[in-house]
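Heads up, start-v2.txt below (compact mmCIF, C-alpha atoms):
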```txt
# COMPACT_ATOMS: atom_id res chain seq x y z
CA MET M 1 -6.34 13.88 -6.35
CA ALA M 2 -4.97 14.42 -2.85
CA GLU M 3 -8.53 14.96 -1.62
CA SER M 4 -9.61 11.73 -3.31
CA ALA M 5 -6.80 9.80 -1.61
CA SER M 6 -7.87 11.18 1.75
CA ILE M 7 -11.52 10.36 1.12
CA ILE M 8 -10.81 6.78 0.06
CA SER M 9 -8.35 6.18 2.92
CA PRO M 10 -9.48 8.43 5.80
CA GLU M 11 -7.34 6.50 8.28
CA LYS M 12 -4.16 7.51 6.45
CA LEU M 13 -2.16 10.73 6.47
CA VAL M 14 -2.27 12.51 3.10
CA LEU M 15 0.10 15.39 2.44
CA LEU M 16 0.15 17.80 -0.49
CA PRO M 17 3.73 19.17 -0.63
CA VAL M 18 2.68 22.37 -2.43
CA PRO M 19 -0.81 23.54 -1.37
CA ASP M 20 -1.48 25.58 -4.50
CA ALA M 21 -0.55 22.79 -6.94
CA GLY M 22 -4.11 22.53 -8.17
CA CYS M 23 -5.75 21.78 -11.49
CA PRO M 24 -7.12 24.64 -13.65
CA MET M 25 -9.62 22.27 -15.25
CA ALA M 26 -11.03 21.34 -11.83
CA ASP M 27 -11.64 25.03 -11.19
CA MET M 28 -13.81 25.20 -14.33
CA VAL M 29 -16.75 23.60 -12.52
CA THR M 30 -18.27 24.92 -9.29
CA VAL M 31 -20.87 23.45 -6.97
CA LYS M 32 -23.34 26.21 -7.78
CA ALA M 33 -22.96 25.83 -11.54
CA LEU M 34 -23.33 22.06 -11.28
CA ARG M 35 -26.45 22.36 -9.14
CA ASP M 36 -27.93 24.69 -11.76
CA ALA M 37 -27.17 22.12 -14.48
CA LYS M 38 -28.78 19.35 -12.43
CA GLU M 39 -31.94 21.45 -12.11
CA LYS M 40 -31.92 22.04 -15.86
CA HIS M 41 -31.48 18.31 -16.60
CA PRO M 42 -33.23 16.51 -13.71
CA GLU M 43 -33.19 13.13 -15.47
CA ALA M 44 -29.43 13.17 -16.02
CA ALA M 45 -26.78 11.44 -13.94
CA VAL M 46 -23.60 13.36 -13.19
CA VAL M 47 -20.38 11.62 -14.24
CA CYS M 48 -17.42 13.45 -12.76
CA TYR M 49 -13.83 13.13 -13.92
CA VAL M 50 -11.51 12.47 -10.95
CA ASN M 51 -9.64 15.72 -11.68
CA SER M 52 -12.23 17.70 -9.74
CA SER M 53 -12.72 19.02 -6.25
CA ALA M 54 -14.17 16.95 -3.41
CA ALA M 55 -17.09 19.38 -3.21
CA VAL M 56 -17.96 18.78 -6.87
CA LYS M 57 -17.59 15.01 -6.44
CA ALA M 58 -20.06 15.26 -3.58
CA GLU M 59 -22.63 16.65 -6.03
CA SER M 60 -21.97 13.85 -8.55
CA ASP M 61 -23.40 10.37 -8.98
CA ILE M 62 -20.15 8.66 -9.98
CA CYS M 63 -16.54 9.46 -10.81
CA CYS M 64 -14.44 8.25 -13.73
CA THR M 65 -10.89 8.28 -15.05
CA SER M 66 -9.76 8.74 -18.64
CA ALA M 67 -9.26 4.98 -18.84
CA ASN M 68 -12.73 3.92 -17.64
CA ALA M 69 -14.90 6.91 -18.64
CA ALA M 70 -16.80 5.11 -21.39
CA ASN M 71 -17.46 2.05 -19.21
CA VAL M 72 -18.65 4.26 -16.37
CA VAL M 73 -21.07 6.19 -18.60
CA ASN M 74 -22.44 2.98 -20.09
CA SER M 75 -22.92 1.49 -16.62
CA MET M 76 -25.44 4.18 -15.69
CA GLU M 77 -29.15 3.45 -16.03
CA ASN M 78 -29.88 7.06 -16.91
CA ARG M 79 -30.29 7.87 -20.58
CA GLU M 80 -28.84 11.34 -20.05
CA ILE M 81 -25.44 12.22 -18.63
CA ILE M 82 -23.95 15.49 -17.43
CA PHE M 83 -20.24 14.90 -18.02
CA ILE M 84 -17.93 17.19 -16.04
CA PRO M 85 -15.63 19.00 -16.40
CA ASP M 86 -13.69 17.95 -19.55
CA LYS M 87 -15.62 18.54 -22.79
CA ASN M 88 -12.96 16.78 -24.89
CA LEU M 89 -13.07 13.60 -22.83
CA GLY M 90 -16.85 13.84 -22.86
CA LYS M 91 -16.91 14.07 -26.65
CA PHE M 92 -14.62 11.04 -26.89
CA VAL M 93 -16.97 9.10 -24.60
CA SER M 94 -19.97 10.15 -26.70
CA LEU M 95 -18.52 8.08 -29.57
CA HIS M 96 -18.76 4.98 -27.40
CA THR M 97 -22.28 5.29 -26.00
CA ASP M 98 -25.83 5.85 -27.18
CA LYS M 99 -26.63 8.01 -24.16
CA LYS M 100 -27.26 11.73 -24.50
CA ILE M 101 -24.33 13.62 -23.02
CA HIS M 102 -24.43 17.22 -21.88
CA PHE M 103 -20.89 18.54 -22.25
CA TRP M 104 -19.38 20.90 -19.70
CA PRO M 105 -17.32 23.79 -21.16
CA GLY M 106 -14.15 22.73 -19.32
CA PHE M 107 -10.88 21.38 -20.68
CA CYS M 108 -7.35 20.38 -19.73
CA HIS M 109 -5.16 23.19 -21.03
CA VAL M 110 -2.25 20.75 -21.48
CA HIS M 111 -4.09 18.50 -23.94
CA ASP M 112 -6.11 21.31 -25.47
CA ASN M 113 -2.83 22.95 -26.47
CA ILE M 114 -2.12 20.05 -28.83
CA SER M 115 -3.51 20.96 -32.26
CA ASP M 116 -4.17 18.97 -35.40
CA VAL M 117 -1.65 21.24 -37.14
CA ASN M 118 1.01 20.01 -34.68
CA ILE M 119 0.21 16.41 -35.47
CA ILE M 120 0.00 16.79 -39.25
CA GLU M 121 3.46 18.41 -39.28
CA LEU M 122 4.93 15.74 -37.00
CA LYS M 123 3.47 12.95 -39.14
CA LYS M 124 5.20 14.49 -42.16
CA MET M 125 8.48 14.62 -40.26
CA TYR M 126 8.14 11.11 -38.80
CA PRO M 127 5.95 9.11 -41.21
CA ASP M 128 6.66 5.80 -39.47
CA ALA M 129 5.75 7.05 -36.00
CA GLU M 130 2.66 5.77 -34.20
CA PHE M 131 0.58 8.61 -32.75
CA LEU M 132 -0.64 7.81 -29.23
CA ALA M 133 -3.18 10.38 -28.04
CA HIS M 134 -4.79 11.00 -24.67
CA PRO M 135 -8.62 11.23 -24.83
CA GLU M 136 -8.49 14.73 -23.30
CA CYS M 137 -7.15 15.99 -26.64
CA ARG M 138 -9.42 17.85 -29.04
CA PRO M 139 -11.68 15.73 -31.32
CA GLU M 140 -9.83 16.83 -34.47
CA VAL M 141 -6.58 15.63 -32.89
CA LEU M 142 -8.05 12.28 -31.85
CA LYS M 143 -9.14 11.66 -35.45
CA LEU M 144 -5.45 11.56 -36.38
CA ALA M 145 -4.49 9.09 -33.63
CA ASP M 146 -3.38 5.52 -34.16
CA ASN M 147 -4.37 4.74 -30.58
CA ILE M 148 -6.36 6.73 -27.99
CA LEU M 149 -5.19 5.80 -24.50
CA SER M 150 -4.94 7.02 -20.93
CA THR M 151 -1.50 8.00 -19.65
CA SER M 152 -0.87 4.51 -18.25
CA GLY M 153 -2.16 3.07 -21.53
CA ILE M 154 0.28 5.20 -23.51
CA VAL M 155 3.18 4.00 -21.37
CA LYS M 156 2.13 0.37 -21.82
CA GLU M 157 1.51 0.67 -25.57
CA ALA M 158 4.91 2.24 -26.21
CA GLY M 159 6.45 -0.84 -24.64
CA ILE M 160 4.44 -3.61 -26.30
CA SER M 161 3.95 -2.10 -29.75
CA SER M 162 6.15 -3.33 -32.60
CA SER M 163 6.60 0.30 -33.63
CA THR M 164 9.93 1.92 -32.79
CA GLU M 165 8.80 5.55 -33.17
CA PHE M 166 5.99 7.35 -31.36
CA ILE M 167 4.39 10.77 -31.25
CA ILE M 168 3.16 11.17 -27.68
CA GLY M 169 -0.06 13.18 -27.33
CA THR M 170 -0.07 14.06 -23.66
CA GLU M 171 1.97 16.12 -21.16
CA ARG M 172 5.36 16.57 -22.76
CA GLU M 173 7.42 15.42 -19.76
CA ILE M 174 5.96 11.92 -20.19
CA VAL M 175 8.26 11.65 -23.21
CA GLN M 176 11.31 11.93 -20.94
CA ASN M 177 9.97 9.16 -18.71
CA LEU M 178 9.33 6.96 -21.74
CA LYS M 179 12.83 7.57 -23.08
CA ARG M 180 14.28 6.32 -19.82
CA LYS M 181 11.96 3.32 -19.81
CA TYR M 182 12.39 2.46 -23.50
CA PRO M 183 15.84 3.77 -24.55
CA ASP M 184 15.74 1.84 -27.83
CA LYS M 185 12.66 3.70 -29.09
CA LYS M 186 12.29 7.17 -30.62
CA LEU M 187 9.71 9.39 -28.96
CA TYR M 188 8.47 12.86 -29.86
CA PRO M 189 6.19 15.21 -27.87
CA ALA M 190 3.04 16.22 -29.75
CA SER M 191 3.54 19.84 -28.68
CA GLU M 192 6.03 21.79 -26.61
CA LYS M 193 3.00 23.71 -25.30
CA ALA M 194 1.62 20.57 -23.66
CA PHE M 195 3.12 21.50 -20.31
CA CYS M 196 1.47 21.35 -16.88
CA TYR M 197 2.99 24.07 -14.73
CA ASN M 198 1.02 22.94 -11.69
CA MET M 199 2.44 19.43 -11.79
CA LYS M 200 5.93 20.92 -11.96
CA LYS M 201 5.36 22.73 -8.67
CA ILE M 202 5.87 19.42 -6.90
CA THR M 203 9.62 18.98 -6.56
CA ILE M 204 11.87 16.61 -4.65
CA GLU M 205 12.69 19.47 -2.30
CA SER M 206 9.03 20.21 -1.59
CA ILE M 207 8.31 16.52 -0.94
CA LEU M 208 11.25 16.29 1.46
CA ASN M 209 10.12 19.42 3.29
CA SER M 210 6.56 18.15 3.57
CA LEU M 211 7.71 14.80 4.98
CA GLN M 212 10.26 16.23 7.36
CA ASN M 213 7.85 18.80 8.78
CA MET M 214 4.60 16.88 8.25
CA GLU M 215 3.22 19.94 6.51
CA TYR M 216 0.13 20.53 4.40
CA GLU M 217 -2.10 17.67 5.46
CA ILE M 218 -5.28 17.32 3.44
CA HIS M 219 -8.54 17.65 5.37
CA VAL M 220 -11.92 17.13 3.69
CA PRO M 221 -14.98 18.11 5.78
CA GLU M 222 -16.95 15.05 6.85
CA HIS M 223 -20.22 16.18 5.24
CA VAL M 224 -18.39 16.57 1.90
CA SER M 225 -16.25 13.46 2.25
CA ALA M 226 -19.19 11.15 2.93
CA LYS M 227 -21.02 12.18 -0.24
CA ALA M 228 -17.91 12.29 -2.41
CA LYS M 229 -16.90 8.80 -1.24
CA LYS M 230 -20.12 7.37 -2.65
CA ALA M 231 -19.21 8.65 -6.12
CA LEU M 232 -15.66 7.33 -5.84
CA ASP M 233 -16.72 3.95 -4.43
CA ARG M 234 -19.25 3.51 -7.19
CA MET M 235 -16.49 4.04 -9.77
CA LEU M 236 -14.19 1.60 -7.99
CA GLU M 237 -16.92 -1.05 -7.92
CA ILE M 238 -17.35 -0.79 -11.69
CA SER M 239 -13.59 -0.82 -12.28
CA GLY M 240 -13.30 -3.99 -10.23
CA ASN M 241 -15.95 -5.87 -12.23
```
Write out the structure in this file as structure tokens.
Amino acid sequence: MAESASIISPEKLVLLPVPDAGCPMADMVTVKALRDAKEKHPEAAVVCYVNSSAAVKAESDICCTSANAANVVNSMENREIIFIPDKNLGKFVSLHTDKKIHFWPGFCHVHDNISDVNIIELKKMYPDAEFLAHPECRPEVLKLADNILSTSGIVKEAGISSSTEFIIGTEREIVQNLKRKYPDKKLYPASEKAFCYNMKKITIESILNSLQNMEYEIHVPEHVSAKAKKALDRMLEISGN
């Protein structure tokens, strides 16, 4: 995401307070493996989730977020799509398109750690709770959801819904943020295992250090940035329509 910020706004300084605060899912797709897939499916367009490296974006036709993934896929003229790297998000999108999707064997370990067993037990414990699930969850989990929403969508829904209890199917710390935002509502994490250790590497102390010392600036090579920007810009054009 830091690379994407730098690519979109090359005139601005972008710092990553902890250099190794990466994304395991992004590491599940490499340039070589993607090039091999493109050779295997030459008629397919590559739709790349934003949680991916700049180098992989540079090999893609367009990027997407969890909120606009279905719209992005449906905007493509191609009848075939290579969807990278999240297979769960890809399977969710496949329910909202008639295009043939080739799923990549990647996943977000945070959302993949939420199981249908977790949700069934929580629904028994809190029968009046609305289950809000992120589309990166497994298909069997999404079948149990009352609403399938991006992180920002979950935050918004918890505020506008008439429900007063929610099971939150995304990174567990979001529940703490929601409790502060909506203190009159009851909120339960879908799984204690839904924890992103890489996100937690970014602390107030590391941010302060990075700003005070101007450390860990993000640099994306020009030949990569130029190609990756096309995929990002194409997504932003669709999102703006």
>> With all atoms listed in the file as the counted atoms, please give the residues lying no more than 12 Å from Arg35 (chain M), apart from itself and same-chain residues fewer than 2 positions off, as a list of chain:residue names.
In response: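 These residues fall inside the cut-off: M:Val29, M:Thr30, M:Val31, M:Lys32, M:Ala33, M:Ala37, M:Lys38, M:Glu39, M:Lys40, M:His41, M:Pro42, M:Ala44, M:Ala45, M:Val46, M:Ala55, M:Val56, M:Lys57, M:Ala58, M:Glu59, M:Ser60, M:Ile82.
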>> Between CA of Thr65 (chain M) and CA of Met214 (chain M), what distance in Å does the model show, to one decimal?
In response: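 Spanning CA of Thr65 (chain M) to CA of Met214 (chain M) is a straight-line distance of 29.3 Å.
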> Separation of CA of Leu16 (chain M) and CA of Ala190 (chain M), in Å?
Replying inline: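 CA of Ala190 (chain M) lies 29.4 Å from CA of Leu16 (chain M).
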Give me the residues within 7 Å of Ile101 (chain M) as a compact mmCIF listing (two decimals) with C-alpha atoms, in the frame of the given file, counting only C-alpha atoms and dropping any in the same chain fewer than 6 places off.
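Wrote result_23.txt, looks like this:
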```txt
# COMPACT_ATOMS: atom_id res chain seq x y z
CA GLU M 80 -28.84 11.34 -20.05
CA ILE M 81 -25.44 12.22 -18.63
CA ILE M 82 -23.95 15.49 -17.43
CA PHE M 83 -20.24 14.90 -18.02
CA SER M 94 -19.97 10.15 -26.70
```
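The nearest approach to Ile207 (chain M) among the residues M:Phe103, M:Val18, M:Ile7, M:Pro189, with all atoms listed in the file taken into account, belongs to M:Val18.
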>> Need the shell around Asp112 (chain M): protein/DNA/RNA residues with any atom at most 9 Å away, counting all atoms listed in the file. Skip same-chain ones fewer than 3 positions apart. Format as an MDAnalysis selection string?
In response: chainID M and resid 88 107:109 115 136:138 194
Please, could you write that set of residues out with C-alpha atoms as a short mmCIF file (atom, residue, chain, number, x, y, z; two decimals), in the coordinates of the input?
```cif
data_model
loop_
_atom_site.label_atom_id
_atom_site.label_comp_id
_atom_site.auth_asym_id
_atom_site.auth_seq_id
_atom_site.Cartn_x
_atom_site.Cartn_y
_atom_site.Cartn_z
CA ASN M 88 -12.96 16.78 -24.89
CA PHE M 107 -10.88 21.38 -20.68
CA CYS M 108 -7.35 20.38 -19.73
CA HIS M 109 -5.16 23.19 -21.03
CA SER M 115 -3.51 20.96 -32.26
CA GLU M 136 -8.49 14.73 -23.30
CA CYS M 137 -7.15 15.99 -26.64
CA ARG M 138 -9.42 17.85 -29.04
CA ALA M 194 1.62 20.57 -23.66
#
```
Write out as a tab-separated table a residue-level contact list of region 175-228 of chain M versus region 165-169 of chain M with cut-off 10 Å: for each qualifying residue the closest pair of atoms and the distance in Å to one decimal, counting all atoms listed in the file, rows sorted by chain and residue number upward.
```
residue	atom	partner	partner_atom	distance
M:Val175	CA	M:Ile168	CA	6.8
M:Leu178	CA	M:Ile168	CA	9.5
M:Asp184	CA	M:Glu165	CA	9.5
M:Lys185	CA	M:Glu165	CA	5.9
M:Lys186	CA	M:Glu165	CA	4.6
M:Leu187	CA	M:Phe166	CA	4.9
M:Tyr188	CA	M:Ile167	CA	4.8
M:Pro189	CA	M:Ile168	CA	5.1
M:Ala190	CA	M:Gly169	CA	5.0
M:Ser191	CA	M:Gly169	CA	7.7
M:Ala194	CA	M:Gly169	CA	8.4
```
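Across the structure, CA of Asp86 (chain M) and CA of Val73 (chain M) are spaced 13.9 Å apart.
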> Which is closest to Ser150 (chain M) among M:Cys196, M:Thr170, M:Glu205, M:Ala67, if we use only C-alpha atoms?
Replying inline: M:Ala67
> For Ser53 (chain M), which residue among M:Val141, M:Ile238, M:Leu149, M:Val224 is the nearest when counting only C-alpha atoms?
Replying inline: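 Among M:Val141, M:Ile238, M:Leu149, M:Val224, it is M:Val224 that comes nearest to Ser53 (chain M).
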>> Which residues are near Met28 (chain M)? Cut-off 7 Å, all atoms listed in the file, ignore same chain within fewer than 3 positions. Put them as a list in words.
In response: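 Counting only the stated atoms, we get Pro24, Met25, Pro85 and Gly106 of chain M.
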Please return the centre and edge lengths, in Å to one decimal, of a box with edges along x, y and z that contains all listed atoms of region 88-94 of chain M, widened by 3 Å on every side, as JSON.
```
{"center_x": -16.5, "center_y": 12.9, "center_z": -24.9, "size_x": 13.0, "size_y": 13.7, "size_z": 10.1}
```
> Do you know which residues are at most 12 Å from Ile8 (chain M) counting only C-alpha atoms, after dropping those on the same chain fewer than 4 positions away, and could you put them as a list in words?
Replying inline: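 Non-adjacent residues within range: Met1, Ala2, Glu3, Ser4, Lys12, Leu13, Val14, Ala54, Val220, Ser225, Ala226, Lys227, Ala228, Lys229, Lys230, Ala231, Leu232, Asp233, Arg234, Met235 and Leu236 of chain M.
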>> Considering only C-alpha atoms, can you say which of M:Asn198, M:Gln212, M:Thr97, M:Thr203 comes closest to Ala70 (chain M)?
In response: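 Residue with the minimum atom-to-atom distance to Ala70 (chain M): M:Thr97.
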> M:Ser152, M:Glu192, M:Ile218, M:Gly90: which is nearest Ile119 (chain M), counting only C-alpha atoms?
Replying inline: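 Nearest candidate to Ile119 (chain M) out of M:Ser152, M:Glu192, M:Ile218, M:Gly90: M:Glu192.
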